[in-house]
Amino acid sequence: MSSQGPCSCCQNETDQQKMERIGQIIEDYRHKEGNLIQILHMAQGIYGYLPMELMEFISDRLGKPLSEVHGVATFYSFFSTKPRGENTIRVCLGTACYVRGGRKIVERLQDILGIEVGETTQDQKFTLEVMRCIGACGLAPAITINDRVYKQVNPEKLQTIIEKYY
């Protein structure tokens with residue numbers, strides 16, 4: 001499951017319907033070894049992210065301390081405790097990308113999107129993140145949007161790239 005918003009089948013469900021489905025998943029996985037990560041993963045797929053109320057619900061239903069549920073949800077990078085955008089933009093700040101202007105890419109994206117790194121736009125269209133290396137060092141600087149890599153990016157190209165996702 002991607003780290004983006006809820007799956008398409010869950011987007012039209014009410015919060016109550018989502019919680020009922022997550023409750024059923026908890027019942028189905030209650031007695032399985034290592035169930036917490038599986039439950040959190042499926043809950044995030046349904047809900048789109050893991051807000052505190054959802055972690056409390058999972059904690060109560062599993063009879064596990066909230067600190068354990070929250071600890072797992074915040075430890076693993078594939079879980080998000082904040083709503084995520086439909087598209088995730090990751091700017092590479094590995095050595096080659098940083099030296100060739102990665103920081104300027106971040107700054108320009110912050111201006112275009114009106115958000116800081118780690119935030120999501122008001123319209124839930126984009127989440128902005130940085131990453132250490134995407135393996136495109138020879139064509140730096142690079143960014144990814146979802147799973148697509150854009151190489152030799154410069155601040156002037158960003159507006160055109162972003163417009164493709166509207």
# chains A, B, ... in the order shown; residues from 1 in each chain; ligands from 1

call {"tool": "select_by_dssp", "arguments": {"residues": "chain A", "states": "strand (DSSP E or B)", "output": "list in words"}}
result
Asn87, Thr88, Ile89, Arg90, Val91, Cys92, Thr120, Phe126, Thr127, Leu128, Glu129, Val130, Met131, Ile143, Thr144, Ile145, Arg148, Val149 and Tyr150 of chain A

call {"tool": "select_by_dssp", "arguments": {"residues": "region 5-160 of chain A", "states": "alpha helix (DSSP H)", "output": "VMD selection string"}}
result
chain A and resid 15 to 29 35 to 47 52 to 62 66 to 75 95 to 97 103 to 113 158 to 160

call {"tool": "closest_atom_pairs", "arguments": {"of": "region 31-87 of chain A", "to": "region 109-126 of chain A", "cutoff": "6 Å", "atoms": "only C-alpha atoms", "output": "tab-separated table"}}
result
residue	atom	partner	partner_atom	distance
A:Gly85	CA	A:Phe126	CA	4.3
A:Glu86	CA	A:Lys125	CA	4.8
A:Asn87	CA	A:Phe126	CA	4.8

call {"tool": "write_last_selection", "arguments": {"atoms": "N, CA and C atoms", "output": "PDB file, in the first residue's frame"}}
result
ATOM      1  N   GLY A  85      -0.948  13.989   0.860  1.00  0.00           N
ATOM      2  CA  GLY A  85      -1.460  14.456  -0.417  1.00  0.00           C
ATOM      3  C   GLY A  85      -1.644  13.313  -1.403  1.00  0.00           C
ATOM      4  N   GLU A  86      -2.408  13.588  -2.417  1.00  0.00           N
ATOM      5  CA  GLU A  86      -2.631  12.631  -3.491  1.00  0.00           C
ATOM      6  C   GLU A  86      -1.303  12.290  -4.184  1.00  0.00           C
ATOM      7  N   ASN A  87      -0.394  13.267  -4.225  1.00  0.00           N
ATOM      8  CA  ASN A  87       0.918  13.093  -4.847  1.00  0.00           C
ATOM      9  C   ASN A  87       2.004  13.436  -3.837  1.00  0.00           C
TER      10      ASN A  87
END

call {"tool": "residues_around", "arguments": {"residues": "Gly102 (chain A)", "least_positions_apart": "4", "cutoff": "8 Å", "atoms": "only C-alpha atoms", "output": "ChimeraX atom specification"}}
result
/A:91-93,97-98,106,141-142

call {"tool": "residues_around", "arguments": {"residues": "region 12-29 of chain A", "least_positions_apart": "3", "cutoff": "9 Å", "atoms": "only C-alpha atoms", "output": "count of residues only"}}
result
17

call {"tool": "atom_distance", "arguments": {"atom1": "CA of Phe78 (chain A)", "atom2": "CA of Cys137 (chain A)"}}
result
24.0 Å

call {"tool": "atom_distance", "arguments": {"atom1": "CA of Thr81 (chain A)", "atom2": "CA of Leu50 (chain A)"}}
result
4.6 Å

call {"tool": "atom_distance", "arguments": {"atom1": "CA of Gly94 (chain A)", "atom2": "CA of His70 (chain A)"}}
result
29.5 Å

call {"tool": "closest_residue", "arguments": {"among": "A:Ile105, A:Ile145, A:Met52, A:Val69", "to": "Tyr165 (chain A)", "atoms": "only C-alpha atoms"}}
result
A:Ile145
